[in-house]
>>> print(open('upload-v9.txt').read())   # compact mmCIF, C-alpha atoms
# COMPACT_ATOMS: atom_id res chain seq x y z
CA MET P 209 -90.81 -19.56 133.26
CA GLN P 210 -92.82 -18.19 136.14
CA GLN P 211 -91.51 -18.87 139.63
CA THR P 212 -94.09 -20.07 142.14
CA THR P 213 -93.98 -20.88 145.83
CA LEU P 214 -96.68 -21.99 148.23
CA SER P 215 -96.70 -21.17 151.93
CA HIS P 216 -98.12 -23.49 154.54
CA SER P 217 -99.53 -22.57 157.91
CA GLU P 218 -98.93 -24.53 161.07
CA GLY P 219 -102.59 -25.61 161.18
CA ASN P 220 -103.88 -29.14 161.38
CA THR P 221 -103.20 -31.82 158.79
CA LEU P 222 -106.81 -32.86 158.22
CA PHE P 223 -107.08 -31.10 154.83
CA PRO P 224 -104.08 -32.82 153.19
CA LEU P 225 -104.94 -36.17 154.80
CA VAL P 226 -108.52 -36.15 153.51
CA LEU P 227 -107.39 -34.85 150.11
CA SER P 228 -104.76 -37.61 149.84
CA ILE P 229 -107.40 -40.28 150.49
CA VAL P 230 -109.71 -38.72 147.90
CA ALA P 231 -106.77 -38.52 145.47
CA ALA P 232 -105.96 -42.20 146.16
CA ALA P 233 -109.50 -43.24 145.28
CA ALA P 234 -109.44 -41.06 142.15
CA THR P 235 -106.02 -42.46 141.21
CA GLY P 236 -107.24 -46.05 141.45
CA VAL P 237 -110.38 -45.33 139.45
CA LEU P 238 -108.48 -43.37 136.78
CA TRP P 239 -105.87 -46.12 136.49
CA ALA P 240 -108.61 -48.74 136.09
CA TYR P 241 -110.90 -46.90 133.68
CA ALA P 242 -109.16 -43.93 132.02
CA ASN P 243 -106.27 -45.46 130.16
CA PRO P 244 -106.00 -44.49 126.50
CA MET P 245 -103.91 -47.45 125.41
CA GLN P 246 -103.65 -51.04 126.58
CA LEU P 247 -99.99 -52.09 126.44
CA VAL P 248 -100.87 -55.62 127.58
CA PRO P 249 -104.68 -55.85 127.34
CA GLY P 250 -106.33 -56.19 130.73
CA VAL P 251 -103.07 -56.12 132.66
CA ILE P 252 -100.78 -53.18 131.78
CA GLN P 253 -102.13 -49.88 130.54
CA TRP P 254 -100.41 -46.65 129.63
CA ARG P 255 -101.27 -44.79 132.82
CA ILE P 256 -101.49 -41.15 131.88
CA PHE P 257 -102.39 -40.43 135.52
CA ALA P 258 -99.25 -42.04 136.99
CA PHE P 259 -98.13 -38.52 137.92
CA LEU P 260 -100.76 -38.27 140.69
CA PRO P 261 -98.78 -39.84 143.59
CA PRO P 262 -95.65 -37.68 143.06
CA LEU P 263 -97.79 -34.59 142.46
CA ILE P 264 -99.78 -35.22 145.66
CA GLY P 265 -96.52 -35.95 147.53
CA ILE P 266 -95.02 -32.61 146.54
CA LEU P 267 -98.17 -30.57 147.10
CA LEU P 268 -99.55 -32.16 150.26
CA GLY P 269 -96.55 -33.87 151.85
CA TRP P 270 -94.67 -37.13 151.65
CA ARG P 271 -97.16 -39.10 153.77
CA SER P 272 -99.99 -37.89 151.54
CA GLY P 273 -98.03 -38.96 148.46
CA PHE P 274 -97.44 -42.41 149.94
CA ILE P 275 -101.13 -42.79 150.82
CA CYS P 276 -102.13 -41.73 147.31
CA GLY P 277 -99.79 -44.24 145.66
CA TYR P 278 -100.41 -47.14 148.05
CA LEU P 279 -104.20 -46.90 148.29
CA GLY P 280 -104.45 -45.96 144.59
CA THR P 281 -102.68 -49.22 143.74
CA ILE P 282 -105.02 -51.24 145.94
CA VAL P 283 -108.13 -49.57 144.49
CA TRP P 284 -106.81 -50.06 140.93
CA SER P 285 -105.92 -53.72 141.42
CA LEU P 286 -109.32 -54.49 142.94
CA LEU P 287 -111.21 -52.67 140.17
CA ALA P 288 -109.03 -54.13 137.40
CA GLY P 289 -109.26 -57.67 138.78
CA THR P 290 -105.48 -57.96 139.17
CA PHE P 291 -105.31 -58.00 142.98
CA ILE P 292 -102.71 -60.50 144.22
CA PRO P 293 -102.46 -60.21 148.04
CA ALA P 294 -98.69 -60.66 148.49
CA HIS P 295 -97.83 -58.61 145.41
CA SER P 296 -100.47 -55.86 145.62
CA LEU P 297 -100.36 -55.25 149.38
CA ILE P 298 -96.62 -55.55 149.86
CA VAL P 299 -94.50 -54.97 146.76
CA ASP P 300 -96.70 -53.05 144.33
CA GLY P 301 -98.49 -50.95 146.94
CA ILE P 302 -95.35 -49.97 148.84
CA MET P 303 -93.27 -49.28 145.74
CA VAL P 304 -95.95 -47.15 144.09
CA GLY P 305 -96.39 -45.40 147.43
CA LEU P 306 -92.70 -44.52 147.28
CA THR P 307 -93.28 -42.72 143.98
CA GLY P 308 -95.34 -40.26 146.01
CA LEU P 309 -93.19 -40.30 149.14
CA VAL P 310 -89.77 -39.58 147.61
CA PRO P 311 -90.71 -36.45 145.63
CA GLY P 312 -92.69 -35.24 148.66
CA VAL P 313 -89.56 -35.50 150.82
CA LEU P 314 -87.33 -33.82 148.23
CA PHE P 315 -89.57 -30.89 147.24
CA ASP P 316 -91.49 -28.75 149.74
CA PRO P 317 -93.46 -25.92 148.09
CA ALA P 318 -92.98 -23.72 151.17
CA LYS P 319 -89.20 -23.91 150.77
CA THR P 320 -88.85 -24.31 146.99
CA THR P 321 -89.17 -21.97 144.04
CA PHE P 322 -90.38 -24.02 141.10
CA ASP P 323 -88.22 -22.62 138.32
CA ARG P 324 -86.94 -24.62 135.33
CA THR P 325 -84.03 -26.12 137.26
CA VAL P 326 -86.30 -27.46 139.99
CA LEU P 327 -88.77 -28.81 137.44
CA VAL P 328 -85.93 -30.75 135.79
CA LYS P 329 -84.92 -32.07 139.23
CA ILE P 330 -88.52 -33.18 139.81
CA ALA P 331 -88.46 -35.05 136.49
CA LEU P 332 -85.14 -36.71 137.43
CA ALA P 333 -86.47 -37.66 140.88
CA CYS P 334 -89.55 -39.20 139.24
CA LEU P 335 -87.31 -41.08 136.81
CA ALA P 336 -85.10 -42.47 139.60
CA VAL P 337 -87.93 -43.53 141.91
CA GLY P 338 -89.86 -44.85 138.90
CA ILE P 339 -86.97 -47.10 137.86
CA VAL P 340 -86.66 -48.49 141.39
CA MET P 341 -90.42 -49.05 141.59
CA VAL P 342 -90.59 -50.76 138.19
CA ALA P 343 -87.61 -52.99 139.01
CA ALA P 344 -89.15 -54.14 142.30
CA VAL P 345 -92.60 -54.71 140.82
CA SER P 346 -91.10 -56.58 137.84
CA ALA P 347 -89.02 -58.75 140.17
CA SER P 348 -92.13 -59.58 142.21
CA LEU P 349 -94.10 -60.49 139.08
CA ALA P 350 -91.19 -62.62 137.82
CA TYR P 351 -90.88 -64.36 141.20
CA LEU P 352 -94.60 -65.15 141.13
CA GLY P 353 -94.19 -66.56 137.60
CA ILE P 354 -96.59 -64.02 136.05
CA PHE P 355 -94.23 -62.21 133.65
CA PRO P 356 -90.52 -62.43 132.80
CA PHE P 357 -88.56 -59.66 134.54
CA TRP P 358 -87.31 -57.69 131.50
CA TRP P 359 -90.63 -57.99 129.71
CA ALA P 360 -92.46 -56.58 132.75
CA PHE P 361 -89.76 -53.94 133.27
CA GLY P 362 -90.17 -52.64 129.71
CA TYR P 363 -93.95 -52.49 129.68
CA ILE P 364 -94.45 -51.23 133.24
CA GLY P 365 -91.67 -48.68 132.67
CA LEU P 366 -93.49 -47.30 129.64
CA SER P 367 -96.76 -47.42 131.54
CA ASP P 368 -95.68 -45.53 134.66
CA ILE P 369 -92.34 -43.78 134.31
CA VAL P 370 -93.07 -41.76 131.17
CA PRO P 371 -96.25 -40.11 132.57
CA MET P 372 -94.53 -39.40 135.91
CA VAL P 373 -91.48 -37.80 134.30
CA ILE P 374 -93.56 -35.65 131.95
CA GLY P 375 -96.74 -35.02 133.94
CA THR P 376 -95.38 -34.16 137.38
CA PRO P 377 -93.15 -31.21 136.42
CA LEU P 378 -95.64 -30.07 133.80
CA LEU P 379 -98.55 -29.91 136.25
CA ILE P 380 -96.92 -28.88 139.55
CA VAL P 381 -97.16 -25.10 139.04
CA PRO P 382 -100.79 -25.06 137.80
CA ALA P 383 -101.79 -27.50 140.56
CA MET P 384 -100.16 -25.27 143.19
CA LYS P 385 -102.09 -22.27 141.89
CA ILE P 386 -105.37 -24.19 142.07
CA LEU P 387 -104.58 -25.48 145.55
CA LYS P 388 -103.57 -22.04 146.76
CA SER P 389 -106.77 -20.44 145.40
CA ALA P 390 -108.87 -23.18 147.03
CA HIS P 391 -107.05 -22.89 150.37
CA PRO P 392 -105.56 -19.35 150.50
CA VAL P 393 -104.66 -19.42 154.21
CA GLY P 394 -102.41 -22.41 153.65
CA PHE P 395 -102.23 -25.71 155.51
CA LYS P 396 -99.70 -28.00 157.12
CA ARG P 397 -98.40 -30.71 154.77
CA PHE P 398 -99.02 -34.30 155.88
>>> encode(input="upload-v9.txt", output="structure tokens")
Amino acid sequence: MQQTTLSHSEGNTLFPLVLSIVAAAATGVLWAYANPMQLVPGVIQWRIFAFLPPLIGILLGWRSGFICGYLGTIVWSLLAGTFIPAHSLIVDGIMVGLTGLVPGVLFDPAKTTFDRTVLVKIALACLAVGIVMVAAVSASLAYLGIFPFWWAFGYIGLSDIVPMVIGTPLLIVPAMKILKSAHPVGFKRF
């Protein structure tokens, strides 16, 4: 396994901030329209792009990861027609934002060598934050009388946790290489 690190300059944070907003819009659109399998038609899809918030959090910083997850959820829910103000803006948005925030806090490319051990730790971090997110979202949906808790937990867990656990560690090294080639002087994480 190749070891990769990414250095960051002390420059401004405009690049990661703008990129996190663009990634949030892309996340919402991809979640709404690029799902290969409907687990619960029209409501819960297998989100192969659920890895985007944690990936953005690690690459661009924890705030960027939170923005990607939170705004991505809002964009998705509006496009998919599932926007519920109290649920989408508070519980779902914040909890999905945490799936980008937590890995971004735990793994800084400037201080981390992404070898196999670290990639396994990234997968475990995604699993842990994914379980917390799914539990909170399922509890909110159960409280609102939309789905029973364990039913929602099972389907949303399949939908989000599996792609995060597999996709984030699988794509972090190639994504860092692309980011580094696009911005060779580095940037300050946001």
>>> residues_around(input="upload-v9.txt", residues="segment 270-286 of chain P", least_positions_apart="4", cutoff="9 Å", atoms="all atoms listed in the file", output="NGL selection string")
:P and (224-241 or 258 or 260-266 or 290-292 or 296-297 or 300-314 or 397-398)
>>> residues_around(input="upload-v9.txt", residues="segment 324-331 of chain P", least_positions_apart="3", cutoff="12 Å", atoms="all atoms listed in the file", output="VMD selection string")
chain P and resid 209 to 213 259 262 to 263 265 to 266 307 to 308 310 to 317 319 to 321 334 to 338 369 to 381
>>> residues_around(input="upload-v9.txt", residues="Ala350 of chain P", least_positions_apart="6", cutoff="12 Å", atoms="all atoms listed in the file", output="number ranges by chain")
P: 295, 342-344, 356-361
>>> atom_distance(input="upload-v9.txt", atom1="atom CA of Ala242 of chain P", atom2="atom CA of Gly362 of chain P")
21.0 Å
>>> closest_residue(input="upload-v9.txt", among="P:Ile339, P:Leu287, P:Asp323, P:Pro392", to="Asp368 of chain P", atoms="all atoms listed in the file")
P:Ile339
>>> atom_distance(input="upload-v9.txt", atom1="atom CA of Leu222 of chain P", atom2="atom CA of Ala383 of chain P")
19.1 Å
>>> atom_distance(input="upload-v9.txt", atom1="atom CA of Ala333 of chain P", atom2="atom CA of Ala347 of chain P")
21.3 Å
>>> closest_residue(input="upload-v9.txt", among="P:Ser348, P:Phe395, P:Asn243, P:Ala288", to="Arg255 of chain P", atoms="all atoms listed in the file")
P:Asn243
>>> residues_near_point(input="upload-v9.txt", point="(-101.4, -57.3, 125.8)", cutoff="12 Å", atoms="only C-alpha atoms", output="number ranges by chain")
P: 245-254, 355, 359-360, 363-364
>>> build_atoms(input="upload-v9.txt", residues="segment 349-360 of chain P", atoms="all heavy atoms", output="tab-separated table (two decimals), in the coordinates of the input")
chain	number	residue	atom	x	y	z
P	349	LEU	N	-93.31	-59.78	140.08
P	349	LEU	CA	-94.10	-60.49	139.08
P	349	LEU	C	-93.32	-61.68	138.49
P	349	LEU	O	-93.90	-62.73	138.22
P	349	LEU	CB	-94.53	-59.53	137.97
P	349	LEU	CG	-95.54	-58.46	138.40
P	349	LEU	CD1	-95.73	-57.43	137.29
P	349	LEU	CD2	-96.87	-59.08	138.80
P	350	ALA	N	-92.02	-61.51	138.32
P	350	ALA	CA	-91.19	-62.62	137.82
P	350	ALA	C	-91.11	-63.73	138.86
P	350	ALA	O	-91.21	-64.92	138.52
P	350	ALA	CB	-89.80	-62.12	137.46
P	351	TYR	N	-90.95	-63.37	140.13
P	351	TYR	CA	-90.88	-64.36	141.20
P	351	TYR	C	-92.18	-65.16	141.29
P	351	TYR	O	-92.17	-66.37	141.50
P	351	TYR	CB	-90.61	-63.67	142.54
P	351	TYR	CG	-90.59	-64.60	143.71
P	351	TYR	CD1	-89.48	-65.42	143.95
P	351	TYR	CD2	-91.69	-64.71	144.56
P	351	TYR	CE1	-89.46	-66.30	145.01
P	351	TYR	CE2	-91.68	-65.58	145.62
P	351	TYR	CZ	-90.58	-66.38	145.85
P	351	TYR	OH	-90.57	-67.26	146.90
P	352	LEU	N	-93.30	-64.48	141.09
P	352	LEU	CA	-94.60	-65.15	141.13
P	352	LEU	C	-94.89	-65.94	139.85
P	352	LEU	O	-95.92	-66.61	139.75
P	352	LEU	CB	-95.72	-64.13	141.38
P	352	LEU	CG	-95.69	-63.45	142.75
P	352	LEU	CD1	-96.69	-62.31	142.80
P	352	LEU	CD2	-95.94	-64.45	143.87
P	353	GLY	N	-94.02	-65.83	138.86
P	353	GLY	CA	-94.19	-66.56	137.60
P	353	GLY	C	-95.24	-65.95	136.68
P	353	GLY	O	-95.75	-66.63	135.79
P	354	ILE	N	-95.55	-64.67	136.86
P	354	ILE	CA	-96.59	-64.02	136.05
P	354	ILE	C	-96.01	-63.49	134.75
P	354	ILE	O	-96.58	-63.70	133.68
P	354	ILE	CB	-97.29	-62.92	136.88
P	354	ILE	CG1	-98.00	-63.58	138.07
P	354	ILE	CG2	-98.27	-62.13	136.02
P	354	ILE	CD1	-98.56	-62.62	139.08
P	355	PHE	N	-94.89	-62.76	134.83
P	355	PHE	CA	-94.23	-62.21	133.65
P	355	PHE	C	-92.73	-62.35	133.82
P	355	PHE	O	-92.21	-62.28	134.93
P	355	PHE	CB	-94.51	-60.70	133.49
P	355	PHE	CG	-95.94	-60.34	133.25
P	355	PHE	CD1	-96.60	-59.47	134.09
P	355	PHE	CD2	-96.62	-60.85	132.16
P	355	PHE	CE1	-97.92	-59.13	133.88
P	355	PHE	CE2	-97.95	-60.51	131.92
P	355	PHE	CZ	-98.60	-59.65	132.79
P	356	PRO	N	-91.98	-62.49	132.72
P	356	PRO	CA	-90.52	-62.43	132.80
P	356	PRO	C	-90.08	-61.01	133.23
P	356	PRO	O	-90.74	-60.03	132.88
P	356	PRO	CB	-90.05	-62.72	131.37
P	356	PRO	CG	-91.22	-63.34	130.69
P	356	PRO	CD	-92.45	-62.82	131.37
P	357	PHE	N	-89.00	-60.92	133.96
P	357	PHE	CA	-88.56	-59.66	134.54
P	357	PHE	C	-88.41	-58.55	133.50
P	357	PHE	O	-89.00	-57.48	133.63
P	357	PHE	CB	-87.24	-59.83	135.30
P	357	PHE	CG	-86.69	-58.53	135.82
P	357	PHE	CD1	-87.17	-57.99	137.01
P	357	PHE	CD2	-85.73	-57.83	135.11
P	357	PHE	CE1	-86.69	-56.79	137.49
P	357	PHE	CE2	-85.24	-56.61	135.59
P	357	PHE	CZ	-85.72	-56.11	136.78
P	358	TRP	N	-87.59	-58.76	132.46
P	358	TRP	CA	-87.31	-57.69	131.50
P	358	TRP	C	-88.52	-57.32	130.67
P	358	TRP	O	-88.70	-56.17	130.29
P	358	TRP	CB	-86.12	-58.04	130.61
P	358	TRP	CG	-84.85	-57.97	131.39
P	358	TRP	CD1	-84.05	-59.01	131.76
P	358	TRP	CD2	-84.25	-56.79	131.95
P	358	TRP	NE1	-83.00	-58.56	132.51
P	358	TRP	CE2	-83.09	-57.20	132.64
P	358	TRP	CE3	-84.57	-55.44	131.95
P	358	TRP	CZ2	-82.26	-56.31	133.30
P	358	TRP	CZ3	-83.74	-54.55	132.61
P	358	TRP	CH2	-82.60	-54.99	133.27
P	359	TRP	N	-89.39	-58.27	130.42
P	359	TRP	CA	-90.63	-57.99	129.71
P	359	TRP	C	-91.49	-57.06	130.56
P	359	TRP	O	-91.98	-56.04	130.07
P	359	TRP	CB	-91.34	-59.32	129.43
P	359	TRP	CG	-92.54	-59.20	128.57
P	359	TRP	CD1	-92.57	-59.25	127.20
P	359	TRP	CD2	-93.89	-59.01	129.00
P	359	TRP	NE1	-93.87	-59.10	126.77
P	359	TRP	CE2	-94.69	-58.96	127.85
P	359	TRP	CE3	-94.49	-58.89	130.24
P	359	TRP	CZ2	-96.07	-58.78	127.91
P	359	TRP	CZ3	-95.85	-58.70	130.30
P	359	TRP	CH2	-96.63	-58.65	129.14
P	360	ALA	N	-91.67	-57.41	131.83
P	360	ALA	CA	-92.46	-56.58	132.75
P	360	ALA	C	-91.80	-55.22	132.92
P	360	ALA	O	-92.49	-54.18	132.93
P	360	ALA	CB	-92.61	-57.28	134.09
